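Okay, data-v2.pdb is below, PDB, C-alpha atoms, pLDDT in the B column:
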MODEL        1
ATOM      1  CA  MET J 731      11.891  10.640  23.865  1.00 60.00           C
ATOM      2  CA  ASN J 732      10.193  13.640  22.306  1.00 90.00           C
ATOM      3  CA  ARG J 733       6.643  13.710  21.003  1.00 89.00           C
ATOM      4  CA  TYR J 734       7.641  13.322  17.332  1.00 89.00           C
ATOM      5  CA  ARG J 735       9.663  10.172  17.996  1.00 90.00           C
ATOM      6  CA  LYS J 736       6.848   8.653  20.053  1.00 94.00           C
ATOM      7  CA  GLU J 737       4.277   9.389  17.359  1.00 94.00           C
ATOM      8  CA  MET J 738       6.558   8.151  14.558  1.00 92.00           C
ATOM      9  CA  THR J 739       7.431   4.982  16.471  1.00 94.00           C
ATOM     10  CA  ALA J 740       3.746   4.278  17.111  1.00 95.00           C
ATOM     11  CA  ALA J 741       2.782   4.932  13.473  1.00 94.00           C
ATOM     12  CA  ILE J 742       5.560   2.713  12.104  1.00 93.00           C
ATOM     13  CA  ALA J 743       4.768  -0.021  14.630  1.00 95.00           C
ATOM     14  CA  MET J 744       1.118   0.129  13.598  1.00 96.00           C
ATOM     15  CA  TYR J 745       2.182  -0.083   9.959  1.00 94.00           C
ATOM     16  CA  CYS J 746       4.243  -3.203  10.643  1.00 94.00           C
ATOM     17  CA  ILE J 747       1.394  -4.830  12.557  1.00 96.00           C
ATOM     18  CA  VAL J 748      -1.228  -4.014   9.916  1.00 96.00           C
ATOM     19  CA  LEU J 749       1.114  -5.177   7.152  1.00 94.00           C
ATOM     20  CA  GLY J 750       1.626  -8.514   8.903  1.00 95.00           C
ATOM     21  CA  VAL J 751      -2.102  -8.949   9.502  1.00 96.00           C
ATOM     22  CA  SER J 752      -2.930  -8.059   5.898  1.00 95.00           C
ATOM     23  CA  LEU J 753      -0.396 -10.563   4.547  1.00 94.00           C
ATOM     24  CA  TRP J 754      -1.821 -13.225   6.857  1.00 96.00           C
ATOM     25  CA  LEU J 755      -5.388 -12.409   5.781  1.00 95.00           C
ATOM     26  CA  LEU J 756      -4.371 -12.576   2.121  1.00 93.00           C
ATOM     27  CA  SER J 757      -3.197 -16.136   2.651  1.00 92.00           C
ATOM     28  CA  LEU J 758      -6.675 -17.044   3.960  1.00 92.00           C
ATOM     29  CA  VAL J 759      -8.795 -15.309   1.310  1.00 90.00           C
ATOM     30  CA  ASP J 760      -9.799 -17.113  -1.861  1.00 86.00           C
ATOM     31  CA  PRO J 761      -7.931 -15.653  -4.881  1.00 84.00           C
ATOM     32  CA  ALA J 762     -11.251 -15.512  -6.753  1.00 83.00           C
ATOM     33  CA  THR J 763     -12.490 -12.715  -4.450  1.00 80.00           C
ATOM     34  CA  SER J 764     -10.338 -10.028  -6.009  1.00 85.00           C
ATOM     35  CA  SER J 765     -12.188  -7.024  -4.547  1.00 89.00           C
ATOM     36  CA  LEU J 766     -11.698  -8.325  -1.007  1.00 91.00           C
ATOM     37  CA  ARG J 767      -8.034  -9.044  -1.757  1.00 92.00           C
ATOM     38  CA  VAL J 768      -7.558  -5.487  -3.005  1.00 93.00           C
ATOM     39  CA  LEU J 769      -9.114  -4.093   0.173  1.00 94.00           C
ATOM     40  CA  ILE J 770      -6.929  -6.298   2.382  1.00 94.00           C
ATOM     41  CA  THR J 771      -3.828  -5.414   0.365  1.00 94.00           C
ATOM     42  CA  LEU J 772      -4.463  -1.695   0.849  1.00 95.00           C
ATOM     43  CA  LEU J 773      -5.012  -1.917   4.642  1.00 96.00           C
ATOM     44  CA  PRO J 774      -1.383  -0.935   5.418  1.00 95.00           C
ATOM     45  CA  MET J 775      -2.020   2.376   3.680  1.00 95.00           C
ATOM     46  CA  LEU J 776      -4.012   3.573   6.708  1.00 96.00           C
ATOM     47  CA  PRO J 777      -1.020   3.638   9.076  1.00 96.00           C
ATOM     48  CA  ALA J 778       1.167   4.827   6.167  1.00 94.00           C
ATOM     49  CA  VAL J 779      -1.040   7.916   5.995  1.00 96.00           C
ATOM     50  CA  ALA J 780      -0.497   8.322   9.748  1.00 96.00           C
ATOM     51  CA  VAL J 781       3.285   8.294   9.168  1.00 93.00           C
ATOM     52  CA  CYS J 782       2.895  11.062   6.589  1.00 93.00           C
ATOM     53  CA  TRP J 783       0.699  13.054   8.961  1.00 96.00           C
ATOM     54  CA  VAL J 784       3.297  12.781  11.735  1.00 95.00           C
ATOM     55  CA  ILE J 785       5.972  14.093   9.358  1.00 91.00           C
ATOM     56  CA  VAL J 786       3.811  17.018   8.220  1.00 93.00           C
ATOM     57  CA  ARG J 787       3.021  17.951  11.814  1.00 93.00           C
ATOM     58  CA  ARG J 788       6.705  17.861  12.686  1.00 91.00           C
ATOM     59  CA  VAL J 789       7.688  20.112   9.783  1.00 91.00           C
ATOM     60  CA  ARG J 790       4.940  22.582  10.674  1.00 92.00           C
ATOM     61  CA  GLY J 791       6.378  22.867  14.168  1.00 92.00           C
ATOM     62  CA  LEU J 792       9.958  23.603  13.075  1.00 93.00           C
ATOM     63  CA  ASP J 793      11.595  27.004  13.155  1.00 94.00           C
ATOM     64  CA  GLU J 794      12.664  28.705   9.911  1.00 95.00           C
ATOM     65  CA  LEU J 795      16.246  27.430   9.905  1.00 94.00           C
ATOM     66  CA  GLN J 796      15.244  23.844  10.594  1.00 93.00           C
ATOM     67  CA  ARG J 797      12.577  24.056   7.865  1.00 94.00           C
ATOM     68  CA  ARG J 798      15.238  25.241   5.437  1.00 95.00           C
ATOM     69  CA  ILE J 799      17.481  22.338   6.407  1.00 94.00           C
ATOM     70  CA  GLU J 800      14.619  19.854   5.942  1.00 93.00           C
ATOM     71  CA  LEU J 801      13.675  21.389   2.581  1.00 94.00           C
ATOM     72  CA  GLU J 802      17.263  21.005   1.383  1.00 95.00           C
ATOM     73  CA  ALA J 803      17.413  17.449   2.721  1.00 95.00           C
ATOM     74  CA  LEU J 804      14.127  16.494   1.059  1.00 94.00           C
ATOM     75  CA  SER J 805      15.286  18.081  -2.207  1.00 96.00           C
ATOM     76  CA  VAL J 806      18.452  15.999  -2.157  1.00 96.00           C
ATOM     77  CA  ALA J 807      16.470  12.876  -1.228  1.00 96.00           C
ATOM     78  CA  PHE J 808      13.934  13.494  -4.009  1.00 96.00           C
ATOM     79  CA  ALA J 809      16.573  14.086  -6.675  1.00 97.00           C
ATOM     80  CA  GLY J 810      18.746  11.225  -5.433  1.00 97.00           C
ATOM     81  CA  THR J 811      15.805   8.819  -5.450  1.00 96.00           C
ATOM     82  CA  ALA J 812      14.916   9.887  -8.985  1.00 96.00           C
ATOM     83  CA  LEU J 813      18.478   9.300 -10.191  1.00 97.00           C
ATOM     84  CA  LEU J 814      18.808   5.939  -8.435  1.00 96.00           C
ATOM     85  CA  THR J 815      15.451   4.627  -9.644  1.00 94.00           C
ATOM     86  CA  PHE J 816      16.107   5.777 -13.221  1.00 94.00           C
ATOM     87  CA  ALA J 817      19.560   4.199 -13.167  1.00 95.00           C
ATOM     88  CA  TYR J 818      18.223   0.940 -11.793  1.00 94.00           C
ATOM     89  CA  GLY J 819      15.431   0.981 -14.386  1.00 93.00           C
ATOM     90  CA  PHE J 820      18.073   1.114 -17.095  1.00 95.00           C
ATOM     91  CA  LEU J 821      20.032  -1.658 -15.385  1.00 96.00           C
ATOM     92  CA  GLU J 822      16.916  -3.836 -15.484  1.00 94.00           C
ATOM     93  CA  ASN J 823      17.223  -3.618 -19.281  1.00 94.00           C
ATOM     94  CA  ALA J 824      20.697  -5.132 -18.870  1.00 95.00           C
ATOM     95  CA  GLY J 825      19.288  -8.138 -17.017  1.00 94.00           C
ATOM     96  CA  LEU J 826      19.230  -7.112 -13.356  1.00 95.00           C
ATOM     97  CA  PRO J 827      16.135  -8.348 -11.482  1.00 95.00           C
ATOM     98  CA  ARG J 828      13.014  -6.205 -11.437  1.00 93.00           C
ATOM     99  CA  LEU J 829      12.360  -4.438  -8.152  1.00 90.00           C
ATOM    100  CA  SER J 830       9.002  -3.477  -6.729  1.00 88.00           C
ATOM    101  CA  PHE J 831       7.898   0.143  -6.428  1.00 87.00           C
ATOM    102  CA  VAL J 832       7.723  -0.562  -2.698  1.00 85.00           C
ATOM    103  CA  MET J 833      11.514  -0.104  -2.682  1.00 87.00           C
ATOM    104  CA  VAL J 834      11.252   3.606  -3.579  1.00 91.00           C
ATOM    105  CA  TRP J 835      10.221   4.809  -0.109  1.00 87.00           C
ATOM    106  CA  PRO J 836      13.064   3.080   1.788  1.00 91.00           C
ATOM    107  CA  VAL J 837      15.541   4.595  -0.684  1.00 94.00           C
ATOM    108  CA  MET J 838      14.010   8.049  -0.276  1.00 93.00           C
ATOM    109  CA  GLY J 839      13.841   7.678   3.502  1.00 91.00           C
ATOM    110  CA  ALA J 840      17.491   6.627   3.742  1.00 95.00           C
ATOM    111  CA  LEU J 841      18.573   9.502   1.509  1.00 96.00           C
ATOM    112  CA  TRP J 842      16.453  11.923   3.547  1.00 94.00           C
ATOM    113  CA  ILE J 843      18.085  10.832   6.792  1.00 93.00           C
ATOM    114  CA  GLY J 844      21.572  11.008   5.308  1.00 95.00           C
ATOM    115  CA  SER J 845      21.043  14.355   3.634  1.00 96.00           C
ATOM    116  CA  SER J 846      19.459  15.775   6.820  1.00 94.00           C
ATOM    117  CA  ILE J 847      22.665  14.999   8.663  1.00 94.00           C
ATOM    118  CA  VAL J 848      24.833  16.542   5.940  1.00 94.00           C
ATOM    119  CA  CYS J 849      22.605  19.623   5.487  1.00 93.00           C
ATOM    120  CA  SER J 850      22.369  20.303   9.232  1.00 92.00           C
ATOM    121  CA  ARG J 851      26.176  20.273   9.552  1.00 93.00           C
ATOM    122  CA  ARG J 852      26.330  23.097   7.040  1.00 87.00           C
ATOM    123  CA  TYR J 853      24.599  25.439   9.506  1.00 85.00           C
ATOM    124  CA  ARG J 854      26.695  24.661  12.595  1.00 83.00           C
TER     125      ARG J 854
ENDMDL
END

Output the structure of this file as structure tokens.
Amino acid sequence: MNRYRKEMTAAIAMYCIVLGVSLWLLSLVDPATSSLRVLITLLPMLPAVAVCWVIVRRVRGLDELQRRIELEALSVAFAGTALLTFAYGFLENAGLPRLSFVMVWPVMGALWIGSSIVCSRRYR
């Protein structure tokens, strides 16, 4: 396993652990202590920043062709996420259930992975 995968696996594992701990702590904290609840709720952002840092470091280490492929893939993922979230926002007006903003990143991540595969095939 290369360095990027190890770092990404560790960062995502840490995110999952911190998320679980923060949800558990929220169940123990009195709802009247809103400032403490906000702090606990935002704890998973620390490993989320680590995930972003791992991605940035990876992109900085890529050669020019691979950077171009990743830029194209991210462009497709960004535009696709925008279209999907706008469309679903309109569908909410038609009665579909409201979704949390937390759903945006998994959509963008899935589109990034898929478009990376498609974009990299173009240069084979």

What separation in Å, quoted to one decimal, exists between CA of Ala741 (chain J) and CA of Phe816 (chain J)? 29.8 Å

Can you pull out the residues contacting Phe808 (chain J)? Cut-off 12 Å, using all atoms listed in the file, and skip same-chain residues under 6 positions away; I want them as a CSV table (one decimal) with C-alpha atoms, in the frame of the given file.
chain,number,residue,atom,x,y,z
J,800,GLU,CA,14.6,19.9,5.9
J,801,LEU,CA,13.7,21.4,2.6
J,802,GLU,CA,17.3,21.0,1.4
J,814,LEU,CA,18.8,5.9,-8.4
J,815,THR,CA,15.5,4.6,-9.6
J,834,VAL,CA,11.3,3.6,-3.6
J,835,TRP,CA,10.2,4.8,-0.1
J,836,PRO,CA,13.1,3.1,1.8
J,837,VAL,CA,15.5,4.6,-0.7
J,838,MET,CA,14.0,8.0,-0.3
J,839,GLY,CA,13.8,7.7,3.5
J,840,ALA,CA,17.5,6.6,3.7
J,841,LEU,CA,18.6,9.5,1.5
J,842,TRP,CA,16.5,11.9,3.5
J,843,ILE,CA,18.1,10.8,6.8
J,845,SER,CA,21.0,14.4,3.6

Tell me which protein, DNA and RNA residues are within 7 Å of Val748 (chain J), counting only C-alpha atoms, leaving out same-chain ones fewer than 4 positions away, and put them as an MDAnalysis selection string. chainID J and resid 744 752 773:774

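Once the PyMOL selection byres ((chain J and resi 749) around 12) is applied to the shown structure, the selection contains Ile742, Ala743, Met744, Tyr745, Cys746, Ile747, Val748, Gly750, Val751, Ser752, Leu753, Trp754, Leu755, Leu756, Ile770, Thr771, Leu772, Leu773, Pro774, Met775, Leu776, Pro777 and Ala778 of chain J.
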
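CA of Cys849 (chain J) is found 5.9 Å from CA of Ile799 (chain J).
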
Between CA of Asp793 (chain J) and CA of Gly810 (chain J), distance in Å (one decimal): 25.4 Å

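Nearest residue to Arg797 (chain J) among J:Ser846, J:Tyr734, J:Leu813, J:Val781 is J:Ser846, counting only C-alpha atoms.
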
Step by step, work through what the PyMOL selection byres ((chain J and resi 787-791) around 12) selects in the shown file, and finish by giving those residues as a PyMOL selection string. chain J and resi 732-738+780-786+792-801+804

Where is the centre and how long are the edges: axis-aligned box on region 775-783 of chain J, 3 Å on each side, Å to one decimal, as lines of an AutoDock Vina configuration file:
center_x = -0.4
center_y = 7.7
center_z = 6.7
size_x = 13.3
size_y = 16.7
size_z = 12.1

Residue among J:Val779, J:Val806, J:Val759, J:Leu769 lying closest to Gly844 (chain J), counting only C-alpha atoms: J:Val806
